[in-house]
Structure formats: structure tokens, C-alpha cells
Amino acid sequence: MEALAKEIGIPEGEYREIVQRLGREPNRVELLLFKVMWSEHCAYKNSRPLLKALPKEGEAVLQGPGENAGVVRVGEGWAVAFKIESHNHPSAVEPFQGAATGVGGILRDIMSMGARPIALLDSLRFGPPEEARSRYLLKGVVSGIAFYGNAIGVPTVGGDLYFHEGYRENPLVNAMCLGLLREEHLKRSRASLGRPIYYAGAKTGRDGIGGAAFASRELKEEKAEDRPAVQVGDPFLGKLLMEATLEAIELDLVEGVQDMGAAGLTSSLSELAHKSGLGVELHLDLVPTREEGMTPEELLLSESQERMVLVPKEGKEKALEEVFGRWGLDCVPVARTIPERVFRVLFRGEVVAEVPTEALAEAPTYVRVGREDPEVRRLRETPIPPLEADPQEVLRRLLASPNLASREAVYERYDHQVGTRTALLPGKGDAAVLWIKGTRLGVAAKVDQNPRYSRLHPRLGAMHALAEACRNVSVVGAKPLAYTDGLNLGSPETPEGYHELAETIAGLKEASEALGVPVVSGNVSLYNESGGKRIPPTAMVGVVGVLEVDKRAEMGFRRPGEVLLLIGEEKGELGASEVLHLLTGKEFGHPPRLDLGREKAVQEAIRDLIQRGLTRTAHDVAEGGLLVALAEMTFPYGVGATVEVREGGLEALFGEAPSRVLFTVEKTRLQEATLLLEERGLPYRVLGETGGRASRSSPRGVS
Amino acid sequence: MRWAIVRFPGANCDEDARFALEKAGIRAEFVWHTERDLRGFDGVFLPGGFSYGDYLRAGALAAKSPVMEAVRRFAEEGRYVVGVCNGFQILTEAGLLPGALLANLNLHFTCKEVGVRVERNDLPFTRLYPRGQVLRLPIAHGEGRYYADPETLARLEGEGLVVFRYAPLKDEADYNPNGSLHDIAGIVSEKGNVLGMMPHPERAVDEVLGNTDGLPFFLGLVKEVAR
């Protein structure tokens, strides 16, 4: 067995640990169980000790990390379940199915909490768009997301998309989903003793075998041989499964729900048992299959899509079977909870595996010593040379640059309105807003991360990601409640990679504490590197907030004659900025400083301005700086503005800095607005007035 | 006033249809795709989505489902049938409306707001719109390019069966989002009781959604009964 362990990539130390925990040598099946359950993807071996430090408590939090998704209370008995999840490795090999099954997987996580999925957001990263492979991946991924999301009828309402050479070999595809539930319908992955465990949904095939393990290693050259590890999605089956599952929960038929995701039956059943403090006995012969002659290993590890695990309440077994039968789906008992805390697997009357659930669930963790990559440090400390450029020309080129250009061509491919809850359409506001029908409540969501900032300063980059996602949610008028983090990084087994992981989490912790926004769910995808090149440390932060839906702000100027103001500093910085990259073709310098106290105050101020009805138009100043932000405000309704800038330098016009928000106010209420900002001790300036068809700036530089 | 909304497996605009009908004060009830009896209903709504996964061809499988026999009888009795998006595709596949919906010319699923002109307002669906009004309505489909042979098109035009046509909202030249012949967005049967359209009026019925151009469509159905 030791030879096999070596062959399938189980480190020697972990093999010894397995033998010790079992008190004997594992058999072949058992060894494979450990292989997948102790993969980084399932076990968070390198990240868990670091993630412990993140704040997880908050008054809105109903469910923190550790379940299928986090849940926050939003008011009037409603709650929102949400989570972000990566599907990077499958998408690199087969972008269409990789992205499609990524969407399917996160939807099932949300359903498992008893919530109806109401919105999807996607955070995508590719190599430079000039390269054919980047375009191929982008096209496949967008098509895959559209294929699954549109058909299952969950609107894709937002996301972010960056092109950066660091993702050339390792594209990132993270999907975030929000689900709506009544607080009393909140479900967890739990079962009581002696209960039958039902398998529901699609039949099991040989697809996606070892996907979890696949996701936890570097991509090699010979990608073709990895193809069987990519799963295939069927949104029609997914839709049936979703409706049947939600109906069963609505009818109060189930005590526990768990989706079958990475590592299939093995992970879902052993975790369900472990969390319940019980064991489980699984009869593989009862598993519905669509292929003949599947081995125990294949049945246990298959990652066939559109499958769920449900534990009926006592006496509700028949009713549960009827619900799924009506939707034309398999729903059969395949296992039972038992008092001995073991994961016992039977196949043709024989026990083929029996391991303690705790041994599977509690993988060894690693704390390593990190070291900053000297090259990153050199780039960060490289001084910014003097730059000269015509602002008109720079603005035009920035607006057409890959990372700032309109995303219309992408979001038009997604159904962003199905469900009739979308109160802020893509391109209309800084965050998506979903309406909770029957109430005047809205839920805002945004996912954000800047690869340039994170690459040059992992800790500050992570802080910026959380700060900006919260700012975007605040700028539409919502109070941020909690966040989910999709951590995508290189191998933690190099000191440089581990350093970036540790710094990223440290940055999240710092910003989370300062802004008072806890983490409730997340995902870790490591080993995103090829040929020794790590991706930029990428903490995709998805923030959810709540607002009064009738008091929401859009980004576009709507009426002429309103006064336009800027909250925050007038000047930005050029380090790590888009304009610097545009003019030099390089990425260097120190990313903008972030004062979290100021950030919090600015967010509170803009929420207050919206709440009091002083503004309905607001936009944050992000990549590309002031002029780009102003131009973006003119696009939605074609209403322009005349602006006077005091300084015409590149730093003022295109420099980047956090804690800056633009908004408009009617002239008669200007004083009320400025008083509010003064009371909060925030710098602000009147920039000009809305009106006209184009954006104009004067006196210097731009006209 | 009581309308049935047919729930095909894979339909995903069923809840939205109910939302819009109820907003107009119409009692709306879901009817399962295996139902064969539609007695007692004043109208039937075939919602958008991907019925039976839209395998084979959009709407092709749904057109053969048990409930469609009942819908056919319902239509023959002169009662109201509305099909939106996938519902329109099902109506053409079932032969209740002429023509077919082919893949959009851009070959992509496309979701956006488009201009839709009301061509006639002597129908319950459109009676509350001024004739010639250009509505702002959302579309969301991959196969919405209306196609029919020249004779059928001539008949549709000659008999005034085109109810909705894509039209510029401002002055945009590319106002036809999918390449539909004659800019056709929606048509009605000769008897004026079976309507199919690709745009989604049910997505434009509330201020919160930023669009109420679809609300008169549903209110018009109510007015019919009050007369």
C-alpha cells in the first residue's frame, strides 16, 4: 500500500499518519478515500490554521463558515445564504463544462441551506486578451456560465473580469451565489441517529473521478489526460433537482441536506456523519448508476453532477420519495446513520472500507515558514518615473483598455432578470441589487479584487478587495453585512507562495476587523501555478448588504443641473495603477495606501446621504481614477457633466486611491449634504454640475 | 378572472408570470405539464424557460406534452392563450401559431432591453397601449429570430396578425436584436385569441424593476372581463 500511496501522490508523512489513525494499513479503497478527503481542496490543510484568525461573528450572522454556505439575517424573517466557489482547474482544461459545473455546484451549496438561489455573480481572471488562448478560455467560460445559469433560471447579476499576464496559464473562474430563505427553513448538514440517508438526483457515472484531488495539484503540460476529471453539467436536471429539493424543504420533510460536490459520496456522507457526531453505513449497491460495472472506488469518488443527499424526518420518507418522483428524479435510501463513528462502505455484501469519520474529516494541517518573493518587493519599491501624456488621449485609451472597457458584451449573454427581483441591472450601479418581493427590502452584492494591487502587495491587496467590495455595496445604499472569500493562490509549498497566502489572510483580517464585516463562507484554491509561476494572490471578496430597495443609488447621471461632489482626496497615486500600466506597459510601484478608518467613514457617509434622500446617483472612484469614474457616470443615460479640476496632473486625473465616492445632489439640498460630510470630518469638493451630452473637464489638461 | 400558468419541467419564468398576473389582479394557478383538463380557466399562460431542457429544439418536446392537447382545445374554443419566449416557441412548435423561432443571428443568448412597437391595440393584450407606442421590454433568448416562408409572412402582414415589432428606442439602427423577419416580435392567431411573443412583458411590471411598460399588457386582460 505504501507504494500505491506514493504513486497517487500521498506524502510519506501523511501515509504514516493514516496508518497511525487506523491502527493498521489501509486497503486500496480506504487509501483513495484519504487521498481525496485530505486533498487541499477538501481539507484546507495549508489554509485552515491561517483562516482561524478571521473574524466570523456579527449580529446578522445566522451561519458562519463550516457549512455549505454562510447565512445572514436581512430582516422581516428573511435571510440570505451565500458563498463563492472556485472551478479554476476544470475551466483551464475544458472552459465550457468547467464553468458550467462551477455554477451548478455553487447553486447546490446554496440549496443545501434551504435557500432558493436568486442571483449569481462571477469573478473571472484570464491572461492578456490579445492572446488566442485567453480569448478561447473567456469565450468558453462565458458560454458555460450562460448555458447553466440561463437554463436553470437564476439570474447572473454581476461579477468582475480582469485580464492579467499572471493568469495566462491559470485562469480563474469563481462563482458566487446568493439564496433567499425564511429563517425557519435554515437547513444544515445534519442527521440524527438511525436515520436513512437518501441519494437524490442524477445517476452516478464515471465522470469527474478524482476532481477534488485534480484541483489540488499544478496543471501539467499533458492536459488531455486530465479530461476525465472534468465533470459534465446538465442544467435541466439541475433545475428539477432544485425544485424538488426546495419543495421538500418547504413541506418540512427533511432534517438535513448536503450537496454532493467535490469527492462525491465520500465527502458528502462522511462529512454529514462527522458533523452529526455519528457514523454512516453506505451500501454502494443501492446507488443509482448510469454505467455498468462501476467499482467501489469509482462509485465513491465519482463527481457526477446534479446529486444531493437528504435526510428525511421520521415518517416523511414516502412523502420525500413522492416529491422527487413527481419531478422524475431518483430518490433512494443508500445509507444509514450509525452510532459507531465510522464511515463504513459495503459493496456486494462485503465491507470494502471502514475508517473513523474523524480521521477522514480532520486532515493534518501545515504551518509553514513564508518568505517574500524578492522580485515582488523590487517591483513594489521601483520608483515611478516622471510621466507626460495628453489627458484626452489617455482617457480614451483607458476607457478602451481591457480591464476598464464596458462588460456589456459579457453580461448581455447572461439572463440577468429572470426571477423579477433584479432592481439594479448590470452596468447600472456599483453593486447588484435584488428585491425581496413582498417587502421593501433589497439585498446588494458585489465581488471585487484588483490583481495588480495584490501581486505587488498581497496584504494591502486583500484589504483593498474587501474595502472596495464593501464600498460598492455602500454606494448603492446598502449596509454591508458579511463577506465570502474566494482565495486563489499558488502553491503553499514554496516559501513565497505560503507568504502570499498568509499575507492575504492577514490583510482580510485587518480590513474585516476595521470595517466590522465578518466572513461567513469561502473557498480556497491553491496550486494555481505552472512552470514555477504563481498567479497574483487573488482574494475574490464577495460582500452582501441590505438596503431599503426604494432608496438605491445608480451610477449614471440622470438629470442635468445637479451638483456633482467628490468625497475623499482629490489626488490618487500612480503605483500599481491602470494608467501606469497603460503608459509604461509595466506593473510596479506601491499600491495606494488605505486608511480603514477613513474608508469606514466614507461608506457610512454615502449610505447616510442615500438614506436621507439627498442623492440617487453615486459611484466609487476605482481603477482609472477620477476621469474614468466620471466618464462611467455619463454612459448609462447619456447625461454629461461639466467639471472643474484644480490640478491637471496624471495623479489627479487618473491616479487611484480608495475611500473616494462621487455623487450628485440637487442644488437646493447641497448645503444639507455638505453639512453631513463636514460633521463627519470628511474632505469633499464640489466638482461641477451635471448636464450636456459629454463629460467635460477644465481648466487645465482636459476640456 | 382565473388564469392557468403551465409548469413544464425546466420552465423558469413561471413565478414571474404569476407575479405579473397577480399584480394585475388576476388569480393565477400553476398547472402541471401532465394536466389534460383546463376547464374553469379564462386563459392559459405558457411561460418562458427551457421546457424539458429545450433538448432537440426549443419548445419541441413541450409541444408534444399532455397539457398541450388541452391547450389546443382551449384555443379552438376561442379562449385566450399567451406564450412568452419559450412559450412562443412552444406555440409555433405545436402549430398553434405559424412560423418558427430560429437561433439569433449573433448566435448568442441575448439579454437586454429593446424597443417594441405596438402594431394593433384592438386585442385584450394591447388595448391599453396607444397604437404605435414603442415599449421598452426585456428580451432573454438564444432562439428568437422569427422566420416564416414568404406566403405566411404576406398573410401575417395582410391580415394584420403582427402585434409587436422591434423598433428603435431612440435612433439606433441595430434595433432588431435577433434578425427576425419583418422585425416581428409577436404575432396573434386569426381569431385574435392566441398570442406569442419573444419579449418579456412580465419582467416589466414594477417600479422596483425599473420598468413598468409591461403592466398594461396584463391589466388589459382584466379589462376584457369587466366589459
# chains A, B, ... in the order shown; residues from 1 in each chain; ligands from 1
>>> closest_atom_pairs(of="chain B", to="chain A", cutoff="12 Å", atoms="only C-alpha atoms", output="tab-separated table")
residue	atom	partner	partner_atom	distance
B:Arg7	CA	A:Trp327	CA	11.3
B:Phe8	CA	A:Trp327	CA	10.3
B:Pro9	CA	A:Leu240	CA	6.8
B:Gly10	CA	A:Phe236	CA	5.8
B:Ala11	CA	A:Gly153	CA	8.1
B:Asn12	CA	A:Gly153	CA	5.1
B:Cys13	CA	A:Val418	CA	6.6
B:Asp14	CA	A:Gly419	CA	8.9
B:Glu15	CA	A:Gly419	CA	7.0
B:Asp16	CA	A:Gly419	CA	5.9
B:Ala17	CA	A:Thr420	CA	9.5
B:Arg18	CA	A:Thr420	CA	10.8
B:Phe19	CA	A:Thr420	CA	8.4
B:Ala20	CA	A:Thr420	CA	9.4
B:Lys23	CA	A:Gly438	CA	11.6
B:Trp32	CA	A:Arg326	CA	10.0
B:His33	CA	A:Trp327	CA	10.9
B:Thr34	CA	A:Arg326	CA	10.4
B:Pro47	CA	A:Val418	CA	11.4
B:Gly48	CA	A:Val418	CA	9.4
B:Gly49	CA	A:Ala151	CA	6.7
B:Phe50	CA	A:Ala151	CA	5.8
B:Ser51	CA	A:Phe236	CA	8.4
B:Tyr52	CA	A:Phe236	CA	6.9
B:Gly53	CA	A:Phe236	CA	4.8
B:Asp54	CA	A:Phe236	CA	8.5
B:Tyr55	CA	A:Phe236	CA	9.3
B:Ala58	CA	A:Ala151	CA	11.5
B:Cys85	CA	A:Val418	CA	12.0
B:Asn86	CA	A:Ala151	CA	11.1
B:Asn104	CA	A:Arg413	CA	11.9
B:Asn106	CA	A:Arg413	CA	10.8
B:Leu107	CA	A:Arg413	CA	10.4
B:His108	CA	A:Arg413	CA	6.7
B:Phe109	CA	A:Arg413	CA	5.3
B:Thr110	CA	A:Arg413	CA	5.1
B:Cys111	CA	A:Glu412	CA	4.8
B:Lys112	CA	A:Glu412	CA	6.2
B:Glu113	CA	A:Glu412	CA	9.8
B:Leu137	CA	A:Gln417	CA	11.5
B:Pro138	CA	A:Gln417	CA	8.4
B:Ile139	CA	A:Asp415	CA	8.9
B:Ala140	CA	A:Asp415	CA	5.9
B:His141	CA	A:Asp415	CA	8.2
B:Gly142	CA	A:Arg413	CA	9.0
B:Lys170	CA	A:Gly638	CA	11.8
B:Pro177	CA	A:Glu412	CA	11.3
B:His200	CA	A:Val418	CA	9.8
B:Pro201	CA	A:Thr420	CA	11.0
B:Glu202	CA	A:Thr420	CA	8.2
B:Arg203	CA	A:Thr420	CA	5.7
B:Ala204	CA	A:Thr420	CA	8.3
B:Val205	CA	A:Thr420	CA	9.1
B:Asp206	CA	A:Thr420	CA	9.1
B:Glu207	CA	A:Ala423	CA	8.7
B:Val208	CA	A:Ala423	CA	5.5
B:Leu209	CA	A:Ala423	CA	4.7
B:Gly210	CA	A:Ala423	CA	6.6
B:Asn211	CA	A:Ala423	CA	9.7
B:Thr212	CA	A:Thr420	CA	12.0
>>> select_by_dssp(residues="segment 476-657 of chain A", states="helix (DSSP H, G or I)", output="PyMOL selection string")
chain A and resi 495-515+578-584+596-611+625-634+650-654
>>> write_last_selection(atoms="C-alpha atoms", output="PDB file, in the first residue's frame")
ATOM      1  CA  PRO A 495       8.018  29.879   0.933  1.00  0.00           C
ATOM      2  CA  GLU A 496       6.957  32.630  -1.500  1.00  0.00           C
ATOM      3  CA  GLY A 497       3.563  31.027  -2.105  1.00  0.00           C
ATOM      4  CA  TYR A 498       2.972  30.467   1.595  1.00  0.00           C
ATOM      5  CA  HIS A 499       3.963  34.027   2.346  1.00  0.00           C
ATOM      6  CA  GLU A 500       1.374  35.294  -0.105  1.00  0.00           C
ATOM      7  CA  LEU A 501      -1.308  33.053   1.416  1.00  0.00           C
ATOM      8  CA  ALA A 502      -0.501  34.173   4.948  1.00  0.00           C
ATOM      9  CA  GLU A 503      -0.324  37.849   3.975  1.00  0.00           C
ATOM     10  CA  THR A 504      -3.590  37.696   2.026  1.00  0.00           C
ATOM     11  CA  ILE A 505      -5.443  36.251   5.002  1.00  0.00           C
ATOM     12  CA  ALA A 506      -3.771  38.747   7.328  1.00  0.00           C
ATOM     13  CA  GLY A 507      -4.992  41.562   5.083  1.00  0.00           C
ATOM     14  CA  LEU A 508      -8.542  40.239   5.128  1.00  0.00           C
ATOM     15  CA  LYS A 509      -8.404  40.000   8.905  1.00  0.00           C
ATOM     16  CA  GLU A 510      -7.245  43.585   9.294  1.00  0.00           C
ATOM     17  CA  ALA A 511      -9.853  45.025   6.941  1.00  0.00           C
ATOM     18  CA  SER A 512     -12.588  42.781   8.312  1.00  0.00           C
ATOM     19  CA  GLU A 513     -11.954  43.951  11.872  1.00  0.00           C
ATOM     20  CA  ALA A 514     -11.744  47.605  10.936  1.00  0.00           C
ATOM     21  CA  LEU A 515     -14.855  47.610   8.765  1.00  0.00           C
ATOM     22  CA  GLU A 578      -4.041  51.167 -14.713  1.00  0.00           C
ATOM     23  CA  VAL A 579      -2.700  54.410 -16.135  1.00  0.00           C
ATOM     24  CA  LEU A 580       0.836  53.456 -15.179  1.00  0.00           C
ATOM     25  CA  HIS A 581       0.415  50.147 -16.968  1.00  0.00           C
ATOM     26  CA  LEU A 582      -1.105  51.884 -19.965  1.00  0.00           C
ATOM     27  CA  LEU A 583       1.776  54.339 -20.297  1.00  0.00           C
ATOM     28  CA  THR A 584       4.698  52.070 -19.413  1.00  0.00           C
ATOM     29  CA  LEU A 596      -9.535  51.850   7.019  1.00  0.00           C
ATOM     30  CA  GLY A 597     -10.952  54.394   9.477  1.00  0.00           C
ATOM     31  CA  ARG A 598     -11.454  56.862   6.667  1.00  0.00           C
ATOM     32  CA  GLU A 599     -12.844  54.119   4.459  1.00  0.00           C
ATOM     33  CA  LYS A 600     -15.469  53.219   7.018  1.00  0.00           C
ATOM     34  CA  ALA A 601     -16.453  56.863   7.481  1.00  0.00           C
ATOM     35  CA  VAL A 602     -16.812  57.438   3.735  1.00  0.00           C
ATOM     36  CA  GLN A 603     -19.003  54.359   3.379  1.00  0.00           C
ATOM     37  CA  GLU A 604     -21.204  55.446   6.264  1.00  0.00           C
ATOM     38  CA  ALA A 605     -21.485  58.915   4.795  1.00  0.00           C
ATOM     39  CA  ILE A 606     -22.637  57.806   1.352  1.00  0.00           C
ATOM     40  CA  ARG A 607     -25.149  55.386   2.869  1.00  0.00           C
ATOM     41  CA  ASP A 608     -26.447  58.206   5.011  1.00  0.00           C
ATOM     42  CA  LEU A 609     -26.739  60.547   2.023  1.00  0.00           C
ATOM     43  CA  ILE A 610     -28.755  57.935   0.141  1.00  0.00           C
ATOM     44  CA  GLN A 611     -30.891  57.073   3.185  1.00  0.00           C
ATOM     45  CA  GLY A 625      -9.133  57.257 -11.299  1.00  0.00           C
ATOM     46  CA  LEU A 626     -11.351  60.317 -11.346  1.00  0.00           C
ATOM     47  CA  LEU A 627     -11.856  60.900 -15.068  1.00  0.00           C
ATOM     48  CA  VAL A 628     -12.672  57.290 -15.798  1.00  0.00           C
ATOM     49  CA  ALA A 629     -15.200  57.262 -12.946  1.00  0.00           C
ATOM     50  CA  LEU A 630     -16.786  60.458 -14.275  1.00  0.00           C
ATOM     51  CA  ALA A 631     -16.960  59.058 -17.790  1.00  0.00           C
ATOM     52  CA  GLU A 632     -18.630  55.907 -16.455  1.00  0.00           C
ATOM     53  CA  MET A 633     -21.319  58.074 -14.855  1.00  0.00           C
ATOM     54  CA  THR A 634     -22.225  59.567 -18.222  1.00  0.00           C
ATOM     55  CA  LEU A 650      -1.960  62.433 -14.140  1.00  0.00           C
ATOM     56  CA  GLU A 651      -2.197  61.712 -10.409  1.00  0.00           C
ATOM     57  CA  ALA A 652      -5.246  63.895 -10.021  1.00  0.00           C
ATOM     58  CA  LEU A 653      -6.931  62.804 -13.217  1.00  0.00           C
ATOM     59  CA  PHE A 654      -6.098  59.090 -13.362  1.00  0.00           C
TER      60      PHE A 654
END
>>> residues_around(residues="segment 447-455 of chain A", least_positions_apart="4", cutoff="7 Å", atoms="only C-alpha atoms", output="MDAnalysis selection string")
chainID A and resid 123 159:160 460:462 465 468:469 536:543 576 587 591
>>> atom_distance(atom1="atom CA of Ala185 of chain B", atom2="atom CA of Ile5 of chain B")
21.3 Å
>>> residues_around(residues="Gly192 of chain B", least_positions_apart="4", cutoff="12 Å", atoms="only C-alpha atoms", output="PDB file with C-alpha atoms, in the first residue's frame")
ATOM      1  CA  ALA B  75     -57.531  27.746 -28.109  1.00  0.00           C
ATOM      2  CA  GLU B  76     -60.017  26.206 -30.510  1.00  0.00           C
ATOM      3  CA  GLU B  77     -62.788  27.276 -28.152  1.00  0.00           C
ATOM      4  CA  GLY B  78     -61.582  30.812 -28.718  1.00  0.00           C
ATOM      5  CA  ARG B  79     -60.226  31.324 -25.231  1.00  0.00           C
ATOM      6  CA  TYR B  80     -57.010  33.223 -24.527  1.00  0.00           C
ATOM      7  CA  VAL B  81     -53.587  31.650 -24.748  1.00  0.00           C
ATOM      8  CA  VAL B  82     -50.393  33.661 -24.258  1.00  0.00           C
ATOM      9  CA  LEU B  96     -50.914  26.949 -32.877  1.00  0.00           C
ATOM     10  CA  LEU B  97     -49.068  29.861 -34.439  1.00  0.00           C
ATOM     11  CA  ARG B 120     -52.535  46.938 -33.110  1.00  0.00           C
ATOM     12  CA  ASN B 121     -54.473  47.712 -29.987  1.00  0.00           C
ATOM     13  CA  ASP B 122     -57.798  46.043 -30.660  1.00  0.00           C
ATOM     14  CA  LEU B 123     -56.761  42.984 -28.654  1.00  0.00           C
ATOM     15  CA  PRO B 124     -57.103  42.477 -24.909  1.00  0.00           C
ATOM     16  CA  PHE B 125     -53.317  42.178 -24.590  1.00  0.00           C
ATOM     17  CA  THR B 126     -52.699  45.568 -26.161  1.00  0.00           C
ATOM     18  CA  GLU B 159     -54.352  40.112 -42.094  1.00  0.00           C
ATOM     19  CA  GLY B 160     -52.639  42.360 -39.549  1.00  0.00           C
ATOM     20  CA  LEU B 161     -51.533  39.488 -37.338  1.00  0.00           C
ATOM     21  CA  VAL B 162     -48.248  41.104 -36.327  1.00  0.00           C
ATOM     22  CA  VAL B 163     -48.920  42.578 -32.882  1.00  0.00           C
ATOM     23  CA  ILE B 187     -47.944  37.587 -33.523  1.00  0.00           C
ATOM     24  CA  VAL B 188     -51.534  36.596 -32.914  1.00  0.00           C
ATOM     25  CA  GLY B 196     -46.951  34.556 -28.943  1.00  0.00           C
TER      26      GLY B 196
END
>>> residues_around(residues="His274 of chain A", least_positions_apart="2", cutoff="8 Å", atoms="only C-alpha atoms", output="number ranges by chain")
A: 270-272, 276-279, 341, 357-358, 361
>>> write_last_selection(atoms="N, CA and C atoms", output="compact mmCIF listing (two decimals), in the first residue's frame")
# COMPACT_ATOMS: atom_id res chain seq x y z
N SER A 270 -19.45 11.28 4.61
CA SER A 270 -18.56 11.23 5.77
C SER A 270 -18.63 12.55 6.53
N GLU A 271 -18.79 13.66 5.80
CA GLU A 271 -18.89 14.95 6.49
C GLU A 271 -20.21 15.09 7.24
N LEU A 272 -21.26 14.64 6.60
CA LEU A 272 -22.58 14.67 7.25
C LEU A 272 -22.53 13.91 8.57
N SER A 276 -22.51 15.41 12.51
CA SER A 276 -23.60 14.97 13.37
C SER A 276 -23.08 14.17 14.57
N GLY A 277 -21.77 13.97 14.65
CA GLY A 277 -21.19 13.19 15.74
C GLY A 277 -21.54 11.71 15.65
N LEU A 278 -21.77 11.23 14.41
CA LEU A 278 -22.20 9.86 14.21
C LEU A 278 -21.34 9.17 13.15
N GLY A 279 -21.70 7.93 12.85
CA GLY A 279 -21.08 7.23 11.74
C GLY A 279 -22.11 7.00 10.66
N ARG A 341 -18.65 5.85 15.23
CA ARG A 341 -18.26 6.99 14.39
C ARG A 341 -17.30 6.56 13.29
N THR A 357 -14.74 8.49 10.96
CA THR A 357 -15.12 9.72 10.24
C THR A 357 -14.19 10.87 10.62
N GLU A 358 -13.78 10.87 11.88
CA GLU A 358 -12.92 11.96 12.32
C GLU A 358 -11.57 11.93 11.59
N ALA A 361 -12.18 13.44 8.23
CA ALA A 361 -12.58 14.85 8.21
C ALA A 361 -11.47 15.77 8.72
>>> select_by_dssp(residues="segment 81-182 of chain B", states="strand (DSSP E)", output="count of residues only")
32
>>> residues_around(residues="Gly83 of chain B", least_positions_apart="6", cutoff="10 Å", atoms="only C-alpha atoms", output="number ranges by chain")
B: 5, 44-48, 89-92, 186, 194-198, 200
>>> residues_around(residues="segment 181-186 of chain A", least_positions_apart="6", cutoff="6 Å", atoms="only C-alpha atoms", output="PyMOL selection string")
chain A and resi 77-79+113-115
>>> atom_distance(atom1="atom CA of Leu180 of chain A", atom2="atom CA of Val80 of chain A")
4.8 Å
>>> atom_distance(atom1="atom CA of Tyr148 of chain A", atom2="atom CA of Ala100 of chain A")
5.3 Å
